[in-house]
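The file coords.tsv comes next; it holds TSV, N, CA and C atoms.
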```
chain	number	residue	atom	x	y	z
A	1	ALA	N	-3.41	-12.62	16.17
A	1	ALA	CA	-4.09	-11.72	15.25
A	1	ALA	C	-3.08	-11.14	14.27
A	2	GLU	N	-3.53	-10.98	13.07
A	2	GLU	CA	-2.67	-10.50	12.00
A	2	GLU	C	-3.17	-9.15	11.50
A	3	VAL	N	-2.29	-8.18	11.33
A	3	VAL	CA	-2.67	-6.88	10.81
A	3	VAL	C	-2.78	-6.98	9.29
A	4	VAL	N	-3.97	-6.63	8.78
A	4	VAL	CA	-4.18	-6.68	7.34
A	4	VAL	C	-4.46	-5.30	6.77
A	5	GLY	N	-4.75	-4.33	7.65
A	5	GLY	CA	-5.02	-2.98	7.20
A	5	GLY	C	-4.99	-2.03	8.37
A	6	ALA	N	-4.92	-0.75	8.06
A	6	ALA	CA	-4.87	0.26	9.10
A	6	ALA	C	-5.45	1.57	8.59
A	7	VAL	N	-6.00	2.34	9.54
A	7	VAL	CA	-6.51	3.67	9.26
A	7	VAL	C	-5.84	4.59	10.25
A	8	ARG	N	-5.40	5.76	9.79
A	8	ARG	CA	-4.77	6.71	10.71
A	8	ARG	C	-5.54	8.02	10.70
A	9	LEU	N	-6.09	8.34	11.87
A	9	LEU	CA	-6.74	9.63	12.09
A	9	LEU	C	-5.83	10.46	12.98
A	10	ALA	N	-5.78	11.75	12.72
A	10	ALA	CA	-4.96	12.64	13.53
A	10	ALA	C	-5.74	13.93	13.78
A	11	VAL	N	-5.47	14.55	14.90
A	11	VAL	CA	-6.02	15.88	15.16
A	11	VAL	C	-4.88	16.85	14.88
A	12	GLU	N	-5.09	17.72	13.89
A	12	GLU	CA	-4.08	18.69	13.49
A	12	GLU	C	-4.72	20.07	13.52
A	13	ASN	N	-4.12	20.98	14.25
A	13	ASN	CA	-4.66	22.34	14.34
A	13	ASN	C	-6.14	22.33	14.73
A	14	GLY	N	-6.52	21.40	15.60
A	14	GLY	CA	-7.88	21.31	16.08
A	14	GLY	C	-8.86	20.69	15.10
A	15	VAL	N	-8.36	20.10	14.03
A	15	VAL	CA	-9.19	19.51	12.98
A	15	VAL	C	-8.87	18.02	12.88
A	16	ILE	N	-9.91	17.18	12.73
A	16	ILE	CA	-9.68	15.75	12.53
A	16	ILE	C	-9.34	15.51	11.07
A	17	VAL	N	-8.23	14.80	10.84
A	17	VAL	CA	-7.76	14.54	9.48
A	17	VAL	C	-7.51	13.04	9.32
A	18	LEU	N	-8.09	12.46	8.28
A	18	LEU	CA	-7.80	11.09	7.91
A	18	LEU	C	-6.46	11.14	7.18
A	19	ARG	N	-5.41	10.66	7.82
A	19	ARG	CA	-4.05	10.79	7.27
A	19	ARG	C	-3.63	9.61	6.41
A	20	GLY	N	-4.34	8.52	6.51
A	20	GLY	CA	-3.96	7.39	5.68
A	20	GLY	C	-4.82	6.18	5.93
A	21	MET	N	-4.95	5.39	4.91
A	21	MET	CA	-5.67	4.12	5.01
A	21	MET	C	-4.96	3.15	4.10
A	22	ARG	N	-4.57	2.04	4.63
A	22	ARG	CA	-3.82	1.05	3.85
A	22	ARG	C	-4.35	-0.35	4.13
A	23	VAL	N	-4.33	-1.17	3.07
A	23	VAL	CA	-4.63	-2.59	3.19
A	23	VAL	C	-3.41	-3.32	2.64
A	24	ARG	N	-3.03	-4.38	3.33
A	24	ARG	CA	-1.87	-5.16	2.88
A	24	ARG	C	-2.03	-5.50	1.40
A	25	GLU	N	-0.98	-5.28	0.63
A	25	GLU	CA	-1.06	-5.37	-0.82
A	25	GLU	C	-1.61	-6.71	-1.32
A	26	ASP	N	-1.18	-7.80	-0.72
A	26	ASP	CA	-1.64	-9.11	-1.19
A	26	ASP	C	-3.09	-9.43	-0.81
A	27	LEU	N	-3.72	-8.55	-0.02
A	27	LEU	CA	-5.11	-8.78	0.39
A	27	LEU	C	-6.07	-7.71	-0.15
A	28	ARG	N	-5.60	-6.89	-1.06
A	28	ARG	CA	-6.45	-5.85	-1.62
A	28	ARG	C	-7.53	-6.45	-2.53
A	29	HIS	N	-8.58	-5.66	-2.76
A	29	HIS	CA	-9.71	-6.04	-3.62
A	29	HIS	C	-10.51	-7.20	-3.05
A	30	ARG	N	-10.57	-7.27	-1.73
A	30	ARG	CA	-11.36	-8.31	-1.06
A	30	ARG	C	-12.40	-7.71	-0.11
A	31	GLY	N	-12.58	-6.38	-0.18
A	31	GLY	CA	-13.58	-5.74	0.68
A	31	GLY	C	-13.07	-5.29	2.03
A	32	ILE	N	-11.79	-5.50	2.30
A	32	ILE	CA	-11.22	-5.11	3.60
A	32	ILE	C	-11.26	-3.60	3.76
A	33	GLY	N	-10.92	-2.87	2.71
A	33	GLY	CA	-10.95	-1.41	2.76
A	33	GLY	C	-12.34	-0.88	3.06
A	34	ARG	N	-13.34	-1.49	2.43
A	34	ARG	CA	-14.73	-1.09	2.69
A	34	ARG	C	-15.12	-1.34	4.14
A	35	LYS	N	-14.68	-2.46	4.67
A	35	LYS	CA	-14.97	-2.76	6.08
A	35	LYS	C	-14.27	-1.75	7.00
A	36	LEU	N	-13.03	-1.43	6.69
A	36	LEU	CA	-12.31	-0.42	7.48
A	36	LEU	C	-13.03	0.92	7.41
A	37	LEU	N	-13.48	1.27	6.22
A	37	LEU	CA	-14.19	2.53	6.04
A	37	LEU	C	-15.49	2.55	6.85
A	38	GLY	N	-16.19	1.43	6.88
A	38	GLY	CA	-17.41	1.34	7.68
A	38	GLY	C	-17.13	1.51	9.16
A	39	ARG	N	-16.06	0.91	9.64
A	39	ARG	CA	-15.66	1.07	11.05
A	39	ARG	C	-15.27	2.51	11.33
A	40	LEU	N	-14.58	3.13	10.38
A	40	LEU	CA	-14.19	4.53	10.52
A	40	LEU	C	-15.43	5.41	10.63
A	41	ASP	N	-16.41	5.14	9.79
A	41	ASP	CA	-17.66	5.89	9.81
A	41	ASP	C	-18.30	5.79	11.20
A	42	ASP	N	-18.37	4.59	11.74
A	42	ASP	CA	-18.94	4.40	13.08
A	42	ASP	C	-18.14	5.15	14.14
A	43	ALA	N	-16.81	5.07	14.04
A	43	ALA	CA	-15.94	5.69	15.04
A	43	ALA	C	-16.02	7.21	15.01
A	44	MET	N	-16.20	7.79	13.83
A	44	MET	CA	-16.25	9.24	13.72
A	44	MET	C	-17.58	9.82	14.17
A	45	GLY	N	-18.64	9.02	14.10
A	45	GLY	CA	-19.94	9.53	14.52
A	45	GLY	C	-20.30	10.81	13.80
A	46	LYS	N	-20.57	11.86	14.57
A	46	LYS	CA	-20.97	13.13	13.97
A	46	LYS	C	-19.81	14.12	13.81
A	47	ALA	N	-18.60	13.64	13.95
A	47	ALA	CA	-17.43	14.52	13.84
A	47	ALA	C	-17.17	14.90	12.38
A	48	THR	N	-16.70	16.11	12.18
A	48	THR	CA	-16.25	16.56	10.86
A	48	THR	C	-14.83	16.03	10.67
A	49	CYS	N	-14.54	15.54	9.47
A	49	CYS	CA	-13.22	14.98	9.19
A	49	CYS	C	-12.80	15.38	7.78
A	50	TRP	N	-11.54	15.71	7.62
A	50	TRP	CA	-10.96	16.11	6.33
A	50	TRP	C	-10.00	15.03	5.84
A	51	CYS	N	-9.79	14.97	4.54
A	51	CYS	CA	-8.75	14.09	3.99
A	51	CYS	C	-8.29	14.62	2.64
A	52	ILE	N	-7.12	14.16	2.22
A	52	ILE	CA	-6.55	14.54	0.92
A	52	ILE	C	-6.22	13.23	0.19
A	53	PRO	N	-7.24	12.58	-0.36
A	53	PRO	CA	-6.99	11.30	-1.03
A	53	PRO	C	-6.59	11.48	-2.50
A	54	TYR	N	-6.12	10.40	-3.07
A	54	TYR	CA	-5.90	10.38	-4.51
A	54	TYR	C	-7.24	10.58	-5.20
A	55	GLY	N	-7.23	11.26	-6.34
A	55	GLY	CA	-8.44	11.57	-7.06
A	55	GLY	C	-9.30	10.37	-7.41
A	56	TRP	N	-8.66	9.23	-7.67
A	56	TRP	CA	-9.43	8.04	-8.07
A	56	TRP	C	-10.14	7.38	-6.88
A	57	LEU	N	-9.93	7.89	-5.67
A	57	LEU	CA	-10.60	7.32	-4.49
A	57	LEU	C	-11.81	8.12	-4.02
A	58	THR	N	-12.21	9.14	-4.77
A	58	THR	CA	-13.30	10.00	-4.30
A	58	THR	C	-14.60	9.22	-4.12
A	59	ASP	N	-14.94	8.34	-5.04
A	59	ASP	CA	-16.18	7.56	-4.90
A	59	ASP	C	-16.11	6.64	-3.68
A	60	PHE	N	-14.95	6.09	-3.42
A	60	PHE	CA	-14.75	5.22	-2.26
A	60	PHE	C	-15.05	5.97	-0.97
A	61	TYR	N	-14.43	7.13	-0.79
A	61	TYR	CA	-14.65	7.91	0.43
A	61	TYR	C	-16.06	8.52	0.48
A	62	ALA	N	-16.64	8.77	-0.67
A	62	ALA	CA	-18.00	9.31	-0.71
A	62	ALA	C	-19.01	8.35	-0.11
A	63	THR	N	-18.70	7.06	-0.08
A	63	THR	CA	-19.65	6.10	0.47
A	63	THR	C	-19.96	6.35	1.94
A	64	ILE	N	-19.09	7.07	2.65
A	64	ILE	CA	-19.40	7.42	4.05
A	64	ILE	C	-19.57	8.93	4.23
A	65	GLY	N	-19.87	9.60	3.14
A	65	GLY	CA	-20.25	11.01	3.24
A	65	GLY	C	-19.18	12.04	2.96
A	66	PHE	N	-17.98	11.63	2.58
A	66	PHE	CA	-16.97	12.62	2.20
A	66	PHE	C	-17.37	13.26	0.88
A	67	LYS	N	-17.15	14.57	0.77
A	67	LYS	CA	-17.44	15.32	-0.45
A	67	LYS	C	-16.20	16.11	-0.85
A	68	VAL	N	-15.95	16.20	-2.15
A	68	VAL	CA	-14.84	17.00	-2.65
A	68	VAL	C	-15.19	18.48	-2.43
A	69	VAL	N	-14.20	19.24	-1.95
A	69	VAL	CA	-14.40	20.68	-1.76
A	69	VAL	C	-13.30	21.44	-2.48
A	70	ASP	N	-13.57	22.71	-2.75
A	70	ASP	CA	-12.56	23.57	-3.34
A	70	ASP	C	-11.44	23.79	-2.33
A	71	VAL	N	-10.25	23.92	-2.83
A	71	VAL	CA	-9.09	24.13	-1.96
A	71	VAL	C	-9.31	25.34	-1.05
A	72	GLY	N	-9.93	26.39	-1.58
A	72	GLY	CA	-10.17	27.60	-0.79
A	72	GLY	C	-11.13	27.41	0.37
A	73	ASP	N	-11.89	26.31	0.37
A	73	ASP	CA	-12.83	26.03	1.46
A	73	ASP	C	-12.22	25.18	2.57
A	74	ALA	N	-10.98	24.75	2.37
A	74	ALA	CA	-10.31	23.89	3.35
A	74	ALA	C	-9.50	24.74	4.34
A	75	PRO	N	-9.23	24.17	5.51
A	75	PRO	CA	-8.33	24.88	6.43
A	75	PRO	C	-7.00	25.18	5.73
A	76	ALA	N	-6.41	26.31	6.05
A	76	ALA	CA	-5.20	26.75	5.35
A	76	ALA	C	-4.08	25.71	5.35
A	77	PHE	N	-3.87	25.04	6.47
A	77	PHE	CA	-2.76	24.07	6.53
A	77	PHE	C	-3.01	22.89	5.59
A	78	LEU	N	-4.28	22.53	5.38
A	78	LEU	CA	-4.58	21.44	4.44
A	78	LEU	C	-4.47	21.93	3.00
A	79	ALA	N	-4.87	23.16	2.73
A	79	ALA	CA	-4.71	23.73	1.40
A	79	ALA	C	-3.23	23.77	1.02
A	80	GLU	N	-2.38	24.13	1.98
A	80	GLU	CA	-0.93	24.16	1.72
A	80	GLU	C	-0.39	22.76	1.47
A	81	ARG	N	-0.83	21.79	2.25
A	81	ARG	CA	-0.38	20.40	2.07
A	81	ARG	C	-0.82	19.90	0.70
A	82	HIS	N	-2.07	20.18	0.33
A	82	HIS	CA	-2.60	19.79	-0.97
A	82	HIS	C	-1.72	20.38	-2.09
A	83	MET	N	-1.37	21.67	-1.96
A	83	MET	CA	-0.55	22.33	-2.97
A	83	MET	C	0.82	21.63	-3.08
A	84	ARG	N	1.42	21.27	-1.95
A	84	ARG	CA	2.72	20.57	-1.99
A	84	ARG	C	2.57	19.22	-2.71
A	85	TYR	N	1.51	18.48	-2.41
A	85	TYR	CA	1.30	17.19	-3.06
A	85	TYR	C	1.13	17.36	-4.58
A	86	VAL	N	0.35	18.36	-4.98
A	86	VAL	CA	0.12	18.62	-6.41
A	86	VAL	C	1.45	19.00	-7.08
A	87	GLN	N	2.25	19.82	-6.40
A	87	GLN	CA	3.56	20.21	-6.95
A	87	GLN	C	4.48	19.01	-7.11
A	88	GLN	N	4.25	17.97	-6.31
A	88	GLN	CA	5.04	16.74	-6.42
A	88	GLN	C	4.48	15.81	-7.49
A	89	GLY	N	3.43	16.26	-8.18
A	89	GLY	CA	2.86	15.48	-9.26
A	89	GLY	C	1.77	14.51	-8.83
A	90	MET	N	1.31	14.63	-7.60
A	90	MET	CA	0.28	13.72	-7.11
A	90	MET	C	-1.12	14.20	-7.54
A	91	ASN	N	-1.96	13.25	-7.92
A	91	ASN	CA	-3.35	13.52	-8.30
A	91	ASN	C	-4.20	13.39	-7.04
A	92	VAL	N	-4.37	14.50	-6.31
A	92	VAL	CA	-5.10	14.47	-5.05
A	92	VAL	C	-6.18	15.55	-5.02
A	93	VAL	N	-7.17	15.34	-4.16
A	93	VAL	CA	-8.25	16.29	-3.96
A	93	VAL	C	-8.43	16.49	-2.45
A	94	ILE	N	-9.15	17.52	-2.09
A	94	ILE	CA	-9.49	17.72	-0.69
A	94	ILE	C	-10.95	17.34	-0.51
A	95	MET	N	-11.19	16.52	0.52
A	95	MET	CA	-12.55	16.08	0.82
A	95	MET	C	-12.85	16.35	2.29
A	96	VAL	N	-14.14	16.54	2.59
A	96	VAL	CA	-14.57	16.73	3.97
A	96	VAL	C	-15.83	15.92	4.20
A	97	ARG	N	-15.96	15.43	5.40
A	97	ARG	CA	-17.15	14.70	5.84
A	97	ARG	C	-17.74	15.52	6.98
A	98	ARG	N	-18.86	16.16	6.70
A	98	ARG	CA	-19.54	16.97	7.71
A	98	ARG	C	-20.89	16.33	7.99
A	99	PRO	N	-21.25	16.16	9.25
A	99	PRO	CA	-22.54	15.54	9.56
A	99	PRO	C	-23.71	16.23	8.88
A	100	ALA	N	-23.66	17.55	8.74
A	100	ALA	CA	-24.77	18.30	8.13
A	100	ALA	C	-24.94	17.94	6.66
A	101	LEU	N	-23.87	17.46	6.02
A	101	LEU	CA	-23.93	17.12	4.60
A	101	LEU	C	-24.38	15.68	4.38
A	102	ARG	N	-24.52	14.91	5.42
A	102	ARG	CA	-24.79	13.48	5.25
A	102	ARG	C	-26.21	13.15	5.07
```

If you convert what's in this file into structure tokens, what do you get?
Amino acid sequence: AEVVGAVRLAVENGVIVLRGMRVREDLRHRGIGRKLLGRLDDAMGKATCWCIPYGWLTDFYATIGFKVVDVGDAPAFLAERHMRYVQQGMNVVIMVRRPALR
């Protein structure tokens, strides 16, 4: 078996956080990311999950119910992480997937 992509979920401060999703560069734009996202959706079930993706990925994550939220609505540790990323020049947003919003 060959690894072509990976998703990393972590529990931080009692909160589930999608910490990263990657597809091998030479295999991108073939639907692998969408398949990984679908598996992630199944695995998370009714759990609430947060992420800080690049701004251009909001529609991608929205396909499984993630919604952009104001920084002030996020857990403090994620708001701080978001601020550090923005200070580094990264175009990122905070998103959450809550079963009630789906």

Would you list the contacts of range 24-34 of chain A as number ranges by chain, taking every protein, DNA or RNA residue within 12 Å and counting only C-alpha atoms, but skipping same-chain residues closer than 4 positions in sequence? A: 2-7, 20, 38-41, 57, 59-64

Work out how far apart atom C of Lys67 in chain A and CA of Tyr54 in chain A are and give it in Å to one decimal.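 Distance between the two atoms: 12.3 Å.
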
Atomic distance CA of Pro53 in chain A - CA of Lys35 in chain A, expressed in Å with one decimal: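 Rounded to one decimal, the two atoms are 17.7 Å apart.
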
Give me the residues near Ile94 in chain A as a ChimeraX atom specification, where near means some atom within 10 Å (using only C-alpha atoms) and where sequence neighbours in that chain fewer than 2 positions away do not count. /A:50-55,58,66-74,78-79,81-82,92,96

Separation of atom C of Leu36 in chain A from atom N of Ala1 in chain A in Å: 18.8 Å

Box dimensions and centre (Å, one decimal) enclosing range 86-92 of chain A, axis-aligned, 3 Å extra per side, as JSON:
```
{"center_x": -0.6, "center_y": 16.7, "center_z": -7.1, "size_x": 17.2, "size_y": 13.0, "size_z": 10.3}
```

Identify, with DSSP run on backbone atoms, the residues in chain A assigned to strand (DSSP E), and express the list as a ChimeraX atom specification. /A:5-12,15-23,49-51,67-69,94-97

Can you list, as a PyMOL selection string, every protein, DNA or RNA residue that comes within 6 Å of Thr48 in chain A when you count only N, CA and C atoms, leaving out same-chain residues fewer than 3 positions away? chain A and resi 16+97-99

Residues of chain A in alpha helix (DSSP H), written as a PyMOL selection string: chain A and resi 32-44+58-62+76-87

Since the input is missing atoms, can you rebuild all heavy atoms for range 44-55 of chain A and write them as a PDB file, in the coordinates of the input?
```pdb
ATOM      1  N   MET A  44     -16.200   7.790  13.830  1.00  0.00           N
ATOM      2  CA  MET A  44     -16.250   9.240  13.720  1.00  0.00           C
ATOM      3  C   MET A  44     -17.580   9.820  14.170  1.00  0.00           C
ATOM      4  O   MET A  44     -17.646  10.981  14.551  1.00  0.00           O
ATOM      5  CB  MET A  44     -15.949   9.689  12.282  1.00  0.00           C
ATOM      6  CG  MET A  44     -14.495   9.550  11.919  1.00  0.00           C
ATOM      7  SD  MET A  44     -14.065  10.329  10.344  1.00  0.00           S
ATOM      8  CE  MET A  44     -15.101   9.491   9.188  1.00  0.00           C
ATOM      9  N   GLY A  45     -18.640   9.020  14.100  1.00  0.00           N
ATOM     10  CA  GLY A  45     -19.940   9.530  14.520  1.00  0.00           C
ATOM     11  C   GLY A  45     -20.300  10.810  13.800  1.00  0.00           C
ATOM     12  O   GLY A  45     -20.304  10.871  12.583  1.00  0.00           O
ATOM     13  N   LYS A  46     -20.570  11.860  14.570  1.00  0.00           N
ATOM     14  CA  LYS A  46     -20.970  13.130  13.970  1.00  0.00           C
ATOM     15  C   LYS A  46     -19.810  14.120  13.810  1.00  0.00           C
ATOM     16  O   LYS A  46     -20.019  15.291  13.560  1.00  0.00           O
ATOM     17  CB  LYS A  46     -22.081  13.761  14.818  1.00  0.00           C
ATOM     18  CG  LYS A  46     -23.360  12.946  14.804  1.00  0.00           C
ATOM     19  CD  LYS A  46     -24.484  13.697  15.453  1.00  0.00           C
ATOM     20  CE  LYS A  46     -25.771  12.926  15.453  1.00  0.00           C
ATOM     21  NZ  LYS A  46     -26.347  12.718  14.141  1.00  0.00           N
ATOM     22  N   ALA A  47     -18.600  13.640  13.950  1.00  0.00           N
ATOM     23  CA  ALA A  47     -17.430  14.520  13.840  1.00  0.00           C
ATOM     24  C   ALA A  47     -17.170  14.900  12.380  1.00  0.00           C
ATOM     25  O   ALA A  47     -17.379  14.107  11.462  1.00  0.00           O
ATOM     26  CB  ALA A  47     -16.194  13.832  14.410  1.00  0.00           C
ATOM     27  N   THR A  48     -16.700  16.110  12.180  1.00  0.00           N
ATOM     28  CA  THR A  48     -16.250  16.560  10.860  1.00  0.00           C
ATOM     29  C   THR A  48     -14.830  16.030  10.670  1.00  0.00           C
ATOM     30  O   THR A  48     -14.017  16.054  11.586  1.00  0.00           O
ATOM     31  CB  THR A  48     -16.260  18.091  10.768  1.00  0.00           C
ATOM     32  OG1 THR A  48     -17.618  18.535  10.877  1.00  0.00           O
ATOM     33  CG2 THR A  48     -15.667  18.581   9.459  1.00  0.00           C
ATOM     34  N   CYS A  49     -14.540  15.540   9.470  1.00  0.00           N
ATOM     35  CA  CYS A  49     -13.220  14.980   9.190  1.00  0.00           C
ATOM     36  C   CYS A  49     -12.800  15.380   7.780  1.00  0.00           C
ATOM     37  O   CYS A  49     -13.625  15.415   6.863  1.00  0.00           O
ATOM     38  CB  CYS A  49     -13.278  13.453   9.302  1.00  0.00           C
ATOM     39  SG  CYS A  49     -11.694  12.625   9.044  1.00  0.00           S
ATOM     40  N   TRP A  50     -11.540  15.710   7.620  1.00  0.00           N
ATOM     41  CA  TRP A  50     -10.960  16.110   6.330  1.00  0.00           C
ATOM     42  C   TRP A  50     -10.000  15.030   5.840  1.00  0.00           C
ATOM     43  O   TRP A  50      -9.432  14.286   6.644  1.00  0.00           O
ATOM     44  CB  TRP A  50     -10.178  17.413   6.500  1.00  0.00           C
ATOM     45  CG  TRP A  50     -11.044  18.578   6.832  1.00  0.00           C
ATOM     46  CD1 TRP A  50     -11.501  18.928   8.076  1.00  0.00           C
ATOM     47  CD2 TRP A  50     -11.580  19.539   5.935  1.00  0.00           C
ATOM     48  NE1 TRP A  50     -12.283  20.052   7.991  1.00  0.00           N
ATOM     49  CE2 TRP A  50     -12.346  20.458   6.682  1.00  0.00           C
ATOM     50  CE3 TRP A  50     -11.475  19.733   4.551  1.00  0.00           C
ATOM     51  CZ2 TRP A  50     -13.008  21.530   6.105  1.00  0.00           C
ATOM     52  CZ3 TRP A  50     -12.132  20.804   3.977  1.00  0.00           C
ATOM     53  CH2 TRP A  50     -12.892  21.687   4.751  1.00  0.00           C
ATOM     54  N   CYS A  51      -9.790  14.970   4.540  1.00  0.00           N
ATOM     55  CA  CYS A  51      -8.750  14.090   3.990  1.00  0.00           C
ATOM     56  C   CYS A  51      -8.290  14.620   2.640  1.00  0.00           C
ATOM     57  O   CYS A  51      -8.964  15.449   2.019  1.00  0.00           O
ATOM     58  CB  CYS A  51      -9.241  12.647   3.873  1.00  0.00           C
ATOM     59  SG  CYS A  51     -10.564  12.337   2.707  1.00  0.00           S
ATOM     60  N   ILE A  52      -7.120  14.160   2.220  1.00  0.00           N
ATOM     61  CA  ILE A  52      -6.550  14.540   0.920  1.00  0.00           C
ATOM     62  C   ILE A  52      -6.220  13.230   0.190  1.00  0.00           C
ATOM     63  O   ILE A  52      -5.066  12.823   0.144  1.00  0.00           O
ATOM     64  CB  ILE A  52      -5.304  15.436   1.083  1.00  0.00           C
ATOM     65  CG1 ILE A  52      -5.612  16.649   1.948  1.00  0.00           C
ATOM     66  CG2 ILE A  52      -4.792  15.865  -0.302  1.00  0.00           C
ATOM     67  CD1 ILE A  52      -4.412  17.553   2.197  1.00  0.00           C
ATOM     68  N   PRO A  53      -7.240  12.580  -0.360  1.00  0.00           N
ATOM     69  CA  PRO A  53      -6.990  11.300  -1.030  1.00  0.00           C
ATOM     70  C   PRO A  53      -6.590  11.480  -2.500  1.00  0.00           C
ATOM     71  O   PRO A  53      -6.756  12.561  -3.078  1.00  0.00           O
ATOM     72  CB  PRO A  53      -8.351  10.612  -0.945  1.00  0.00           C
ATOM     73  CG  PRO A  53      -9.323  11.744  -1.047  1.00  0.00           C
ATOM     74  CD  PRO A  53      -8.651  12.886  -0.288  1.00  0.00           C
ATOM     75  N   TYR A  54      -6.120  10.400  -3.070  1.00  0.00           N
ATOM     76  CA  TYR A  54      -5.900  10.380  -4.510  1.00  0.00           C
ATOM     77  C   TYR A  54      -7.240  10.580  -5.200  1.00  0.00           C
ATOM     78  O   TYR A  54      -8.280  10.126  -4.713  1.00  0.00           O
ATOM     79  CB  TYR A  54      -5.294   9.038  -4.954  1.00  0.00           C
ATOM     80  CG  TYR A  54      -3.883   8.842  -4.494  1.00  0.00           C
ATOM     81  CD1 TYR A  54      -3.571   7.896  -3.528  1.00  0.00           C
ATOM     82  CD2 TYR A  54      -2.852   9.605  -5.030  1.00  0.00           C
ATOM     83  CE1 TYR A  54      -2.260   7.712  -3.095  1.00  0.00           C
ATOM     84  CE2 TYR A  54      -1.540   9.437  -4.616  1.00  0.00           C
ATOM     85  CZ  TYR A  54      -1.257   8.487  -3.647  1.00  0.00           C
ATOM     86  OH  TYR A  54       0.032   8.326  -3.232  1.00  0.00           O
ATOM     87  N   GLY A  55      -7.230  11.260  -6.340  1.00  0.00           N
ATOM     88  CA  GLY A  55      -8.440  11.570  -7.060  1.00  0.00           C
ATOM     89  C   GLY A  55      -9.300  10.370  -7.410  1.00  0.00           C
ATOM     90  O   GLY A  55     -10.526  10.450  -7.424  1.00  0.00           O
TER      91      GLY A  55
END
```
